[in-house]
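Participant: Input structure: query18.cif, which contains mmCIF, C-alpha atoms.
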```
data_model
loop_
_atom_site.label_atom_id
_atom_site.label_comp_id
_atom_site.auth_asym_id
_atom_site.auth_seq_id
_atom_site.Cartn_x
_atom_site.Cartn_y
_atom_site.Cartn_z
CA MET A 1 1.05 22.37 19.16
CA THR A 2 -2.61 21.83 19.98
CA LEU A 3 -5.41 20.13 18.15
CA LYS A 4 -8.58 21.91 17.22
CA THR A 5 -11.84 20.55 18.57
CA GLN A 6 -13.11 19.84 15.06
CA ASP A 7 -10.15 17.60 14.24
CA PRO A 8 -11.21 13.99 13.49
CA TRP A 9 -10.73 11.37 16.22
CA TRP A 10 -8.24 9.37 14.17
CA LEU A 11 -6.02 12.47 13.92
CA LYS A 12 -6.16 13.01 17.70
CA ILE A 13 -4.85 9.55 18.51
CA MET A 14 -1.82 9.83 16.19
CA PRO A 15 1.65 10.08 17.79
CA LEU A 16 2.64 13.67 18.63
CA SER A 17 5.55 13.71 16.16
CA LEU A 18 3.27 12.61 13.34
CA ARG A 19 0.58 15.13 14.26
CA LYS A 20 3.13 17.92 14.20
CA SER A 21 4.03 17.02 10.63
CA LEU A 22 0.38 17.03 9.54
CA VAL A 23 -1.57 19.61 11.54
CA GLY A 24 -1.22 23.34 10.94
CA ARG A 25 -1.27 23.22 7.17
CA ASN A 26 -4.68 23.88 5.70
CA ASN A 27 -4.20 21.82 2.57
CA LEU A 28 -2.95 18.79 4.50
CA HIS A 29 -5.73 19.20 7.03
CA ALA A 30 -8.30 19.12 4.23
CA MET A 31 -6.57 16.10 2.72
CA LEU A 32 -6.77 14.23 6.01
CA HIS A 33 -10.48 14.98 6.30
CA ASN A 34 -10.84 13.53 2.79
CA ILE A 35 -9.02 10.39 3.92
CA GLY A 36 -11.47 10.04 6.80
CA TRP A 37 -14.46 10.28 4.48
CA LEU A 38 -12.93 7.82 2.01
CA PHE A 39 -12.26 5.37 4.83
CA LEU A 40 -15.86 5.69 6.01
CA ASP A 41 -17.00 4.90 2.47
CA LYS A 42 -14.79 1.81 2.24
CA LEU A 43 -15.88 0.60 5.67
CA LEU A 44 -19.56 1.00 4.80
CA ARG A 45 -19.17 -0.81 1.50
CA ALA A 46 -17.12 -3.63 2.99
CA SER A 47 -19.50 -4.30 5.87
CA LEU A 48 -22.68 -4.03 3.81
CA GLY A 49 -21.05 -6.02 1.02
CA ILE A 50 -20.46 -8.95 3.34
CA ILE A 51 -23.83 -8.82 5.12
CA VAL A 52 -26.09 -8.28 2.10
CA GLY A 53 -23.80 -10.24 -0.20
CA ALA A 54 -23.99 -13.25 2.11
CA TRP A 55 -27.78 -12.99 2.21
CA ILE A 56 -27.94 -12.87 -1.59
CA ALA A 57 -25.59 -15.85 -1.86
CA ARG A 58 -27.75 -17.84 0.58
CA TYR A 59 -30.83 -17.01 -1.44
CA LEU A 60 -29.41 -17.71 -4.90
CA GLY A 61 -27.28 -20.72 -3.97
CA PRO A 62 -23.76 -21.48 -5.26
CA SER A 63 -24.77 -22.03 -8.91
CA GLN A 64 -26.80 -18.86 -9.52
CA PHE A 65 -24.47 -16.79 -7.33
CA GLY A 66 -21.55 -18.07 -9.39
CA ASN A 67 -23.35 -17.15 -12.61
CA LEU A 68 -23.91 -13.59 -11.39
CA SER A 69 -20.30 -13.31 -10.18
CA TYR A 70 -19.04 -14.46 -13.59
CA CYS A 71 -21.02 -11.77 -15.40
CA ILE A 72 -19.74 -9.11 -12.99
CA ALA A 73 -16.13 -10.27 -13.41
CA PHE A 74 -16.46 -10.22 -17.22
CA ILE A 75 -17.74 -6.64 -17.23
CA ALA A 76 -15.21 -5.47 -14.62
CA ILE A 77 -12.37 -5.96 -17.09
CA PHE A 78 -13.91 -3.33 -19.37
CA GLN A 79 -14.42 -0.90 -16.48
CA ALA A 80 -10.67 -0.31 -16.49
CA ILE A 81 -10.92 0.96 -20.07
CA VAL A 82 -13.91 3.26 -19.52
CA SER A 83 -12.04 5.45 -17.03
CA LEU A 84 -9.33 5.94 -19.72
CA GLY A 85 -6.65 6.20 -17.03
CA LEU A 86 -7.37 9.90 -16.68
CA ASP A 87 -8.10 10.31 -12.97
CA GLY A 88 -4.68 11.45 -11.79
CA ILE A 89 -4.05 13.50 -14.92
CA VAL A 90 -7.34 15.38 -14.64
CA VAL A 91 -6.93 16.16 -10.92
CA ARG A 92 -3.44 17.49 -11.66
CA GLU A 93 -4.69 19.65 -14.55
CA LEU A 94 -7.60 21.00 -12.51
CA ALA A 95 -5.24 22.04 -9.75
CA SER A 96 -2.63 23.65 -12.03
CA HIS A 97 -4.83 25.23 -14.74
CA LYS A 98 -7.79 26.77 -12.99
CA ASP A 99 -8.74 28.98 -15.94
CA ASN A 100 -9.93 26.09 -18.13
CA GLN A 101 -11.31 23.60 -15.63
CA ASN A 102 -14.70 23.56 -17.34
CA GLU A 103 -13.12 22.56 -20.65
CA MET A 104 -11.11 19.78 -19.05
CA LEU A 105 -14.12 18.28 -17.25
CA GLY A 106 -16.41 18.62 -20.25
CA THR A 107 -13.87 16.95 -22.52
CA VAL A 108 -13.21 14.05 -20.16
CA PHE A 109 -16.93 13.52 -19.56
CA CYS A 110 -17.62 13.24 -23.31
CA MET A 111 -14.64 10.91 -23.78
CA ARG A 112 -15.90 8.62 -21.06
CA ILE A 113 -19.47 8.60 -22.37
CA LEU A 114 -18.17 7.45 -25.75
CA ALA A 115 -15.83 4.91 -24.13
CA GLY A 116 -18.75 3.54 -22.07
CA LEU A 117 -20.94 3.09 -25.14
CA VAL A 118 -18.14 1.39 -27.12
CA CYS A 119 -17.23 -0.91 -24.23
CA TRP A 120 -20.88 -1.82 -23.65
CA PHE A 121 -21.16 -2.81 -27.30
CA PHE A 122 -18.05 -5.00 -27.18
CA VAL A 123 -19.06 -6.52 -23.82
CA VAL A 124 -22.40 -7.63 -25.23
CA LEU A 125 -20.89 -8.78 -28.53
CA GLY A 126 -17.97 -10.61 -26.91
CA PHE A 127 -20.08 -12.34 -24.27
CA GLY A 128 -22.65 -13.35 -26.85
CA MET A 129 -20.00 -14.93 -29.03
CA ILE A 130 -18.51 -16.81 -26.06
CA ASP A 131 -21.63 -17.84 -24.14
CA GLY A 132 -24.42 -17.53 -26.70
CA PHE A 133 -26.85 -14.73 -27.47
CA SER A 134 -29.90 -16.54 -26.14
CA SER A 135 -28.65 -17.49 -22.67
CA ASN A 136 -29.93 -16.00 -19.43
CA SER A 137 -26.41 -14.83 -18.68
CA PHE A 138 -26.41 -12.77 -21.87
CA LEU A 139 -29.42 -10.79 -20.64
CA ILE A 140 -27.68 -10.23 -17.29
CA VAL A 141 -24.56 -8.93 -19.05
CA MET A 142 -26.66 -6.58 -21.18
CA ILE A 143 -28.22 -5.11 -18.05
CA LEU A 144 -25.00 -4.90 -16.04
CA GLY A 145 -23.18 -3.42 -19.04
CA ALA A 146 -25.23 -0.24 -18.75
CA SER A 147 -23.13 0.62 -15.68
CA LEU A 148 -20.21 1.26 -18.05
CA ILE A 149 -22.01 4.34 -19.38
CA PHE A 150 -23.04 5.63 -15.95
CA GLN A 151 -19.38 5.36 -14.92
CA ALA A 152 -18.75 8.61 -16.82
CA SER A 153 -20.42 10.43 -13.92
CA ASP A 154 -17.26 9.78 -11.87
CA THR A 155 -15.85 12.80 -13.71
CA VAL A 156 -17.73 14.88 -11.13
CA ASP A 157 -15.69 13.14 -8.44
CA LEU A 158 -12.50 14.46 -10.06
CA TRP A 159 -13.79 17.99 -9.57
CA PHE A 160 -14.53 17.27 -5.91
CA GLN A 161 -11.08 15.70 -5.42
CA SER A 162 -9.36 18.76 -6.85
CA GLN A 163 -11.30 20.93 -4.39
CA SER A 164 -10.73 18.60 -1.38
CA GLN A 165 -14.47 17.87 -1.31
CA SER A 166 -14.42 14.07 -1.43
CA ARG A 167 -17.05 13.94 1.32
CA ARG A 168 -19.62 15.03 -1.29
CA THR A 169 -18.77 12.02 -3.43
CA VAL A 170 -18.84 9.71 -0.43
CA ILE A 171 -22.26 10.95 0.69
CA ALA A 172 -23.73 10.66 -2.83
CA LYS A 173 -22.35 7.17 -3.47
CA SER A 174 -23.12 5.91 0.03
CA CYS A 175 -26.77 6.92 -0.37
CA ALA A 176 -26.88 5.10 -3.71
CA TYR A 177 -25.21 2.05 -2.18
CA LEU A 178 -27.63 1.96 0.74
CA ALA A 179 -30.64 2.31 -1.56
CA SER A 180 -29.34 -0.43 -3.83
CA ASN A 181 -28.78 -2.83 -0.92
CA ILE A 182 -32.23 -2.12 0.51
CA PHE A 183 -33.64 -2.96 -2.91
CA LYS A 184 -31.62 -6.20 -3.00
CA VAL A 185 -33.02 -7.22 0.38
CA PHE A 186 -36.52 -6.45 -0.93
CA LEU A 187 -35.83 -8.71 -3.94
CA ILE A 188 -34.87 -11.55 -1.61
CA LEU A 189 -38.05 -11.12 0.42
CA ILE A 190 -40.28 -11.31 -2.67
CA ASP A 191 -38.38 -14.30 -4.16
CA ALA A 192 -37.20 -12.36 -7.20
CA PRO A 193 -35.33 -14.10 -10.08
CA LEU A 194 -31.62 -13.76 -10.78
CA VAL A 195 -32.12 -11.09 -13.46
CA ALA A 196 -33.67 -8.78 -10.87
CA PHE A 197 -30.38 -8.67 -8.95
CA ALA A 198 -28.58 -7.62 -12.12
CA ILE A 199 -31.10 -4.76 -12.38
CA ALA A 200 -30.36 -3.81 -8.76
CA ILE A 201 -26.61 -3.62 -9.48
CA ALA A 202 -27.18 -1.51 -12.60
CA LEU A 203 -29.59 0.66 -10.61
CA GLU A 204 -26.81 1.44 -8.15
CA SER A 205 -24.70 2.85 -10.99
CA ALA A 206 -27.62 5.00 -12.12
CA LEU A 207 -28.21 6.24 -8.57
CA ASN A 208 -24.49 7.01 -8.24
CA ALA A 209 -24.71 9.20 -11.32
CA LEU A 210 -27.86 10.91 -10.02
CA GLY A 211 -26.32 11.50 -6.59
CA LEU A 212 -23.17 13.01 -8.08
CA PHE A 213 -25.28 15.25 -10.31
CA ILE A 214 -27.21 16.54 -7.29
CA ALA A 215 -23.97 17.00 -5.32
CA TYR A 216 -22.45 18.95 -8.20
CA ARG A 217 -25.47 21.24 -8.39
CA ARG A 218 -24.76 22.14 -4.76
CA PHE A 219 -21.04 22.72 -5.34
CA PRO A 220 -20.56 23.66 -9.03
CA MET A 221 -17.75 25.47 -10.77
CA ASN A 222 -18.35 28.93 -12.16
CA ASN A 223 -18.52 27.98 -15.85
CA SER A 224 -20.47 25.35 -17.78
CA TRP A 225 -18.61 22.28 -19.02
CA LYS A 226 -17.38 22.37 -22.61
CA ASN A 227 -16.00 19.60 -24.80
CA GLN A 228 -12.86 20.34 -26.80
CA PHE A 229 -12.03 17.65 -29.35
CA GLN A 230 -8.48 18.96 -29.78
CA ARG A 231 -7.74 17.88 -26.20
CA TRP A 232 -8.67 14.25 -26.86
CA GLY A 233 -5.35 13.38 -28.48
CA PHE A 234 -3.30 15.12 -25.79
CA LEU A 235 -5.10 13.34 -22.97
CA LEU A 236 -4.98 9.90 -24.59
CA HIS A 237 -1.30 10.32 -25.45
CA GLU A 238 -0.51 10.78 -21.75
CA SER A 239 -3.04 8.32 -20.35
CA TRP A 240 -2.51 5.22 -22.50
CA PRO A 241 0.13 3.72 -20.14
CA TYR A 242 -2.36 4.12 -17.28
CA ILE A 243 -5.08 2.44 -19.37
CA LEU A 244 -2.80 -0.56 -19.95
CA SER A 245 -1.82 -0.64 -16.29
CA SER A 246 -5.45 -0.46 -15.10
CA LEU A 247 -6.43 -3.16 -17.60
CA ALA A 248 -3.61 -5.41 -16.42
CA ILE A 249 -4.63 -4.86 -12.79
CA MET A 250 -8.27 -5.67 -13.53
CA VAL A 251 -7.35 -8.81 -15.49
CA TYR A 252 -5.06 -9.75 -12.61
CA MET A 253 -7.88 -9.30 -10.07
CA ARG A 254 -10.65 -11.01 -12.07
CA VAL A 255 -9.05 -13.62 -14.31
CA ASP A 256 -9.16 -16.30 -11.61
CA GLN A 257 -12.97 -16.04 -11.38
CA ILE A 258 -13.38 -16.25 -15.14
CA MET A 259 -11.07 -19.25 -15.35
CA VAL A 260 -12.78 -21.05 -12.43
CA LYS A 261 -16.12 -20.76 -14.20
CA ASN A 262 -14.81 -21.93 -17.57
CA ILE A 263 -12.64 -24.76 -16.24
CA LEU A 264 -15.03 -25.91 -13.51
CA ASP A 265 -18.63 -24.61 -13.33
CA ASP A 266 -20.98 -21.94 -11.91
CA SER A 267 -21.30 -23.65 -8.53
CA ALA A 268 -17.54 -23.72 -8.07
CA LEU A 269 -17.32 -20.03 -8.89
CA GLY A 270 -20.16 -19.36 -6.44
CA LEU A 271 -18.13 -20.94 -3.63
CA TYR A 272 -14.99 -19.10 -4.71
CA ALA A 273 -16.71 -15.70 -5.02
CA ALA A 274 -18.43 -16.10 -1.64
CA MET A 275 -15.20 -16.18 0.34
CA LEU A 276 -13.50 -13.27 -1.50
CA PRO A 277 -15.08 -10.39 0.50
CA ILE A 278 -14.14 -11.98 3.82
CA SER A 279 -10.52 -12.15 2.72
CA SER A 280 -10.29 -8.72 1.09
CA ILE A 281 -12.07 -6.66 3.78
CA TRP A 282 -8.80 -6.49 5.74
CA ASN A 283 -7.06 -4.58 2.93
CA VAL A 284 -8.68 -1.39 4.23
CA ILE A 285 -6.26 -1.39 7.20
CA PRO A 286 -2.97 -1.01 5.29
CA MET A 287 -4.63 1.19 2.67
CA LEU A 288 -5.69 3.79 5.22
CA ALA A 289 -2.41 3.47 7.13
CA CYS A 290 -0.34 4.13 4.00
CA ILE A 291 -2.41 7.18 3.05
CA SER A 292 -2.16 8.57 6.57
CA LEU A 293 1.59 7.93 6.77
CA GLY A 294 2.32 9.43 3.35
CA PRO A 295 3.20 13.00 4.45
CA TYR A 296 5.16 11.72 7.47
CA MET A 297 7.25 9.36 5.31
CA ALA A 298 7.88 12.12 2.75
CA ARG A 299 9.26 14.28 5.56
CA LYS A 300 11.49 11.43 6.73
CA LYS A 301 12.84 11.14 3.17
CA LEU A 302 13.84 14.82 3.31
CA GLU A 303 15.66 14.23 6.60
CA GLY A 304 17.77 11.54 4.97
CA ILE A 305 17.71 8.04 3.47
CA LYS A 306 18.77 6.48 6.77
CA TYR A 307 15.78 7.89 8.65
CA PHE A 308 13.37 7.06 5.83
CA ASN A 309 14.52 3.44 5.57
CA ALA A 310 14.42 2.99 9.35
CA SER A 311 10.81 4.24 9.48
CA LEU A 312 9.81 2.14 6.47
CA LEU A 313 11.33 -0.95 8.04
CA LEU A 314 9.09 -0.45 11.09
CA VAL A 315 6.06 -0.13 8.81
CA PHE A 316 6.95 -3.38 7.02
CA ARG A 317 7.44 -5.22 10.32
CA LEU A 318 4.08 -3.98 11.61
CA PHE A 319 2.28 -4.88 8.38
CA LEU A 320 3.95 -8.29 8.25
CA ALA A 321 2.93 -9.11 11.82
CA MET A 322 -0.65 -7.86 11.30
CA SER A 323 -1.16 -9.69 8.01
CA ILE A 324 0.18 -13.00 9.31
CA GLY A 325 -1.91 -12.72 12.48
CA ILE A 326 -5.11 -11.91 10.56
CA SER A 327 -4.48 -14.66 8.01
CA ILE A 328 -3.89 -17.35 10.64
CA LEU A 329 -6.98 -16.31 12.65
CA ILE A 330 -9.30 -16.34 9.60
CA ALA A 331 -7.81 -19.62 8.37
CA ILE A 332 -8.65 -21.25 11.70
CA ILE A 333 -12.27 -20.07 11.79
CA ALA A 334 -12.84 -20.10 8.00
CA LYS A 335 -15.28 -23.00 7.77
CA PRO A 336 -17.60 -22.11 10.69
CA LEU A 337 -17.49 -18.46 9.60
CA LEU A 338 -18.61 -19.33 6.06
CA VAL A 339 -21.39 -21.57 7.38
CA LEU A 340 -22.55 -18.82 9.75
CA LEU A 341 -22.69 -16.19 6.99
CA TYR A 342 -23.68 -18.19 3.92
CA GLY A 343 -25.20 -21.43 5.17
CA SER A 344 -24.20 -25.08 4.95
CA SER A 345 -24.30 -25.09 1.13
CA PHE A 346 -21.18 -22.89 1.18
CA GLU A 347 -19.27 -24.95 3.77
CA ALA A 348 -16.75 -26.12 1.16
CA ALA A 349 -15.71 -22.49 0.63
CA GLY A 350 -14.09 -22.58 4.07
CA ASP A 351 -11.26 -24.78 2.78
CA ILE A 352 -10.62 -22.28 -0.01
CA LEU A 353 -10.73 -19.27 2.31
CA SER A 354 -8.21 -20.87 4.69
CA ILE A 355 -5.70 -20.76 1.81
CA TYR A 356 -6.76 -17.61 -0.04
CA VAL A 357 -6.71 -15.43 3.09
CA PHE A 358 -2.90 -15.61 3.05
CA THR A 359 -2.97 -13.27 0.04
CA ASN A 360 -3.27 -10.60 2.74
CA VAL A 361 0.42 -11.02 3.57
CA PRO A 362 1.80 -9.95 0.15
CA ILE A 363 -1.04 -7.42 -0.27
CA PHE A 364 -0.15 -5.70 3.03
CA LEU A 365 3.53 -5.67 2.06
CA GLY A 366 2.72 -4.49 -1.45
CA LEU A 367 0.72 -1.53 -0.17
CA ALA A 368 3.56 -0.54 2.16
CA GLN A 369 5.90 -0.88 -0.79
CA GLY A 370 3.90 1.90 -2.43
CA ILE A 371 5.52 4.33 0.04
CA TRP A 372 8.94 3.29 -1.24
CA ILE A 373 7.87 3.52 -4.89
CA LEU A 374 6.40 7.00 -4.41
CA ASN A 375 9.37 8.46 -2.55
CA TYR A 376 11.98 6.89 -4.83
CA LYS A 377 9.92 7.76 -7.95
CA LYS A 378 9.88 4.19 -9.27
CA SER A 379 6.36 4.15 -10.70
CA HIS A 380 7.43 1.94 -13.62
CA VAL A 381 8.00 -0.88 -11.12
CA MET A 382 4.26 -1.12 -10.43
CA LEU A 383 3.38 -1.75 -14.08
CA PHE A 384 6.00 -4.48 -14.34
CA GLN A 385 4.81 -6.08 -11.11
CA THR A 386 1.22 -6.12 -12.32
CA PHE A 387 2.10 -7.86 -15.58
CA ILE A 388 4.22 -10.40 -13.68
CA GLY A 389 1.32 -11.09 -11.30
CA ALA A 390 -1.20 -11.42 -14.14
CA SER A 391 1.06 -13.82 -16.06
CA VAL A 392 1.69 -16.01 -13.03
CA SER A 393 -2.04 -16.00 -12.24
CA VAL A 394 -3.07 -17.14 -15.74
CA MET A 395 -0.42 -19.84 -16.00
CA GLY A 396 -0.92 -21.04 -12.44
CA ASN A 397 -4.70 -21.32 -12.82
CA LEU A 398 -4.37 -23.16 -16.13
CA PHE A 399 -2.11 -25.72 -14.47
CA LEU A 400 -3.54 -26.06 -10.95
CA ILE A 401 -7.32 -25.69 -11.33
CA PRO A 402 -7.71 -28.89 -13.42
CA ILE A 403 -5.59 -30.77 -10.83
CA LEU A 404 -6.59 -29.28 -7.47
CA GLY A 405 -9.86 -27.51 -8.28
CA LEU A 406 -10.66 -24.43 -6.20
CA GLN A 407 -7.75 -25.06 -3.86
CA GLY A 408 -5.52 -24.72 -6.94
CA ALA A 409 -7.05 -21.32 -7.69
CA ALA A 410 -6.46 -20.20 -4.09
CA ILE A 411 -2.85 -21.40 -4.11
CA THR A 412 -2.27 -19.58 -7.39
CA ALA A 413 -3.74 -16.39 -5.97
CA VAL A 414 -1.35 -16.48 -3.00
CA PHE A 415 1.68 -17.26 -5.16
CA SER A 416 0.89 -14.68 -7.85
CA GLN A 417 0.44 -11.97 -5.21
CA LEU A 418 3.69 -13.03 -3.57
CA CYS A 419 5.55 -12.87 -6.89
CA SER A 420 4.06 -9.51 -7.81
CA ALA A 421 4.46 -7.69 -4.50
CA VAL A 422 7.53 -9.30 -2.92
CA LEU A 423 9.66 -11.76 -4.92
CA VAL A 424 10.01 -9.49 -7.94
CA ASN A 425 11.86 -7.00 -5.73
CA ILE A 426 14.87 -9.31 -5.73
CA ILE A 427 15.39 -7.88 -9.23
CA PHE A 428 14.58 -4.22 -8.55
CA SER A 429 15.93 -3.69 -5.04
CA LYS A 430 17.29 -6.34 -2.72
CA ASP A 431 17.26 -3.81 0.13
CA LEU A 432 13.50 -3.36 -0.35
CA PHE A 433 13.01 -7.14 -0.54
CA PHE A 434 14.72 -7.70 2.80
CA MET A 435 12.89 -4.75 4.37
CA GLN A 436 9.58 -6.35 3.37
CA LEU A 437 10.67 -9.43 5.31
CA GLY A 438 11.48 -7.21 8.29
CA ILE A 439 15.23 -7.72 7.89
CA LYS A 440 17.68 -4.83 8.14
CA ARG A 441 20.68 -5.26 5.85
CA GLN A 442 24.02 -3.98 7.08
#
```
I need this file expressed as structure tokens, please.

Facilitator:
Amino acid sequence: MTLKTQDPWWLKIMPLSLRKSLVGRNNLHAMLHNIGWLFLDKLLRASLGIIVGAWIARYLGPSQFGNLSYCIAFIAIFQAIVSLGLDGIVVRELASHKDNQNEMLGTVFCMRILAGLVCWFFVVLGFGMIDGFSSNSFLIVMILGASLIFQASDTVDLWFQSQSQSRRTVIAKSCAYLASNIFKVFLILIDAPLVAFAIAIALESALNALGLFIAYRRFPMNNSWKNQFQRWGFLLHESWPYILSSLAIMVYMRVDQIMVKNILDDSALGLYAAMLPISSIWNVIPMLACISLGPYMARKKLEGIKYFNASLLLVFRLFLAMSIGISILIAIIAKPLLVLLYGSSFEAAGDILSIYVFTNVPIFLGLAQGIWILNYKKSHVMLFQTFIGASVSVMGNLFLIPILGLQGAAITAVFSQLCSAVLVNIIFSKDLFFMQLGIKRQ
């Protein structure tokens, strides 16, 4: 078996046995190219997010940066509803029913436009009732809320996914992201007010939509999109569990920021939000590894449970070692790293990061667990885990933030992730639980 010269570098360095299971099949080859483009997108966003985000945080200071982060976290919860949990369903339908792809895309696009408008209305109304309709934060939420409508343009991405053309989405969104970050830097240089940065974030959503529209014009389907109202009920009937799951995940990921702001203040949230990107950037490693290993692990499952479990155990041991090593290293250099990136006003965030970074351990193990869930067809486990994690997060933050402040929020984050991704498996599968710890049961 030989590799073609156009094969990506990350495919060439794979072990020979893994390459043999991936190369030589056109659909898998296209999928792997998609993975490469998606990884490039995540890498670009993560690196720019830290560099430009740190510059913005320096400029705004902990209080204003915390205010902006609170508004973003509030709106993010509604973003889970706007997508309507339809991504996987639509890609499946596009692949299996090619004669009515235009009707499927047109219907989903109209559904998401309506969902975006409704969610924008409730975002503005809900925030106004909580924080006041005359506050500066209310204006920021109104501006940022417009991104909920532009999110409907991601329907184009579903078409590209079904055609193994994710690179078109990556190029369009990367251009929008670059333009938005250049604009943010310009705002810093001209001493722009906080509201201007909300405009820059909303502008990125608009540019995303424009970029996807241009990309679609270059790679369209044969027929024009059409909305079919009779499909609405069918799609929602199948997608509502995914909506609830996505909502639970988003609450799980954002509730700590909302609670920090309401229990403490904007400055505290500014410190907390500043260290989050430095901790989460490492999640790209297991994410890409799991996607790349997916076909190989599926083949091992066909060979037999013994071979699959042996391979999965190696993955867990590797992820456990990597996550612990990364967490310890970042914990040691947390304070000087935060001062270097954000300035002395964010020095206190180093103590929080040195705790929060250990969320990488359960996150790495949780992502590897996804291989087990997929191959054993235990998708219901993920929904239960998410609700467990969200419940522990809410209760833990209510108890620990008033006592320990931001350190309490960081401790809660580590424990809730540990409960969700690892400890809950004592109930579902003790074999999986011990494998996550790198232990082989006899």

Participant: When distances are computed from all atoms listed in the file, which of A:Gly270, A:Gly438, A:Gly350, A:Gly405 shows the smallest separation from Ala310 (chain A)?

Facilitator: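 Looking at the shortest contact to Ala310 (chain A), the residue is A:Gly438.
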
Participant: Please compute the CA of Ile130 (chain A)-CA of Leu398 (chain A) distance, one decimal, in Å.

Facilitator: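 Value for the CA of Ile130 (chain A)-CA of Leu398 (chain A) distance: 18.4 Å.
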
Participant: Would you pick out the contacts of Ala80 (chain A) at 10 Å or less, using all atoms listed in the file, so that residues sharing its chain but fewer than 4 positions from it are not included, and give the list as an MDAnalysis selection string?

Facilitator: chainID A and resid 75:76 84:85 148 242:251

Participant: Assuming the chain letters and numbering stay as they are in my file, what does the PyMOL selection byres ((chain A and resi 316) around 10) actually select? List them as a PDB file with C-alpha atoms, in the coordinates of the input.

Facilitator:
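So out04.pdb came out as:
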```
ATOM      1  CA  SER A 311      10.810   4.240   9.480  1.00  0.00           C
ATOM      2  CA  LEU A 312       9.810   2.140   6.470  1.00  0.00           C
ATOM      3  CA  LEU A 313      11.330  -0.950   8.040  1.00  0.00           C
ATOM      4  CA  LEU A 314       9.090  -0.450  11.090  1.00  0.00           C
ATOM      5  CA  VAL A 315       6.060  -0.130   8.810  1.00  0.00           C
ATOM      6  CA  ARG A 317       7.440  -5.220  10.320  1.00  0.00           C
ATOM      7  CA  LEU A 318       4.080  -3.980  11.610  1.00  0.00           C
ATOM      8  CA  PHE A 319       2.280  -4.880   8.380  1.00  0.00           C
ATOM      9  CA  LEU A 320       3.950  -8.290   8.250  1.00  0.00           C
ATOM     10  CA  ALA A 321       2.930  -9.110  11.820  1.00  0.00           C
ATOM     11  CA  MET A 322      -0.650  -7.860  11.300  1.00  0.00           C
ATOM     12  CA  PHE A 364      -0.150  -5.700   3.030  1.00  0.00           C
ATOM     13  CA  LEU A 365       3.530  -5.670   2.060  1.00  0.00           C
ATOM     14  CA  GLY A 366       2.720  -4.490  -1.450  1.00  0.00           C
ATOM     15  CA  LEU A 367       0.720  -1.530  -0.170  1.00  0.00           C
ATOM     16  CA  ALA A 368       3.560  -0.540   2.160  1.00  0.00           C
ATOM     17  CA  GLN A 369       5.900  -0.880  -0.790  1.00  0.00           C
ATOM     18  CA  LEU A 432      13.500  -3.360  -0.350  1.00  0.00           C
ATOM     19  CA  PHE A 434      14.720  -7.700   2.800  1.00  0.00           C
ATOM     20  CA  MET A 435      12.890  -4.750   4.370  1.00  0.00           C
ATOM     21  CA  GLN A 436       9.580  -6.350   3.370  1.00  0.00           C
ATOM     22  CA  LEU A 437      10.670  -9.430   5.310  1.00  0.00           C
ATOM     23  CA  GLY A 438      11.480  -7.210   8.290  1.00  0.00           C
ATOM     24  CA  ILE A 439      15.230  -7.720   7.890  1.00  0.00           C
TER      25      ILE A 439
END
```

Participant: I'd like to know which of A:Ser174, A:Ser239, A:Gln257, A:Gln151 is closest to Ala206 (chain A), using all atoms listed in the file.

Facilitator: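 Ranked by minimum distance to Ala206 (chain A), first place goes to A:Gln151.
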
Participant: From the options A:Trp225, A:Trp282, A:Tyr307, A:Tyr272, which residue's atoms come nearest to Ile352 (chain A), counting all atoms listed in the file?

Facilitator: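 Distance minimum relative to Ile352 (chain A) lands on A:Tyr272.
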
Participant: What's the separation between CA of Ala334 (chain A) and CA of Ile355 (chain A), in Å to one decimal place?

Facilitator: 9.5 Å

Participant: I need the output of the PyMOL selection byres ((chain A and resi 276) around 10) for this file as a PyMOL selection string; which residues are they?

Facilitator: chain A and resi 50+271-275+277-281+349+352-353+356-357

Participant: Provide the CA of Ala209 (chain A) to CA of Phe138 (chain A) distance in Å, to one decimal place.

Facilitator: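 Those two atoms sit 24.4 Å apart.
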
Participant: Pick the closest to Ile51 (chain A) from A:Thr155, A:Ser429, A:Thr107, A:Asn181: which is it, counting only C-alpha atoms?

Facilitator: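 Looking only at the distances to Ile51 (chain A), the closest residue turns out to be A:Asn181.
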
Participant: Identify which of the residues A:Leu60, A:Leu139, A:Ala172, A:Leu203 lies closest to Asp191 (chain A), counting all atoms listed in the file when measuring atom-to-atom distances.

Facilitator: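 Result for the nearest residue to Asp191 (chain A): A:Leu60.
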
Participant: Apply the PyMOL selection byres ((chain A and resi 187) around 12) to the displayed file and report the matching residues as a ChimeraX atom specification.

Facilitator: /A:52,55-56,59-60,180-186,188-201

Participant: Skipping near chain neighbours, those fewer than 4 positions away, what residues fall within 7 Å of region 417-425 of chain A using only C-alpha atoms, listed as a ChimeraX atom specification?

Facilitator: /A:359,362-363,365-366,385-386,388-389,413,429-430,432-433

Participant: For the residues in the current selection, export C-alpha atoms as an mmCIF file, keeping the file's coordinate frame.

Facilitator:
```cif
data_model
loop_
_atom_site.group_PDB
_atom_site.id
_atom_site.type_symbol
_atom_site.label_atom_id
_atom_site.label_comp_id
_atom_site.auth_asym_id
_atom_site.auth_seq_id
_atom_site.Cartn_x
_atom_site.Cartn_y
_atom_site.Cartn_z
ATOM 1 C CA THR A 359 -2.970 -13.270 0.040
ATOM 2 C CA PRO A 362 1.800 -9.950 0.150
ATOM 3 C CA ILE A 363 -1.040 -7.420 -0.270
ATOM 4 C CA LEU A 365 3.530 -5.670 2.060
ATOM 5 C CA GLY A 366 2.720 -4.490 -1.450
ATOM 6 C CA GLN A 385 4.810 -6.080 -11.110
ATOM 7 C CA THR A 386 1.220 -6.120 -12.320
ATOM 8 C CA ILE A 388 4.220 -10.400 -13.680
ATOM 9 C CA GLY A 389 1.320 -11.090 -11.300
ATOM 10 C CA ALA A 413 -3.740 -16.390 -5.970
ATOM 11 C CA SER A 429 15.930 -3.690 -5.040
ATOM 12 C CA LYS A 430 17.290 -6.340 -2.720
ATOM 13 C CA LEU A 432 13.500 -3.360 -0.350
ATOM 14 C CA PHE A 433 13.010 -7.140 -0.540
#
```
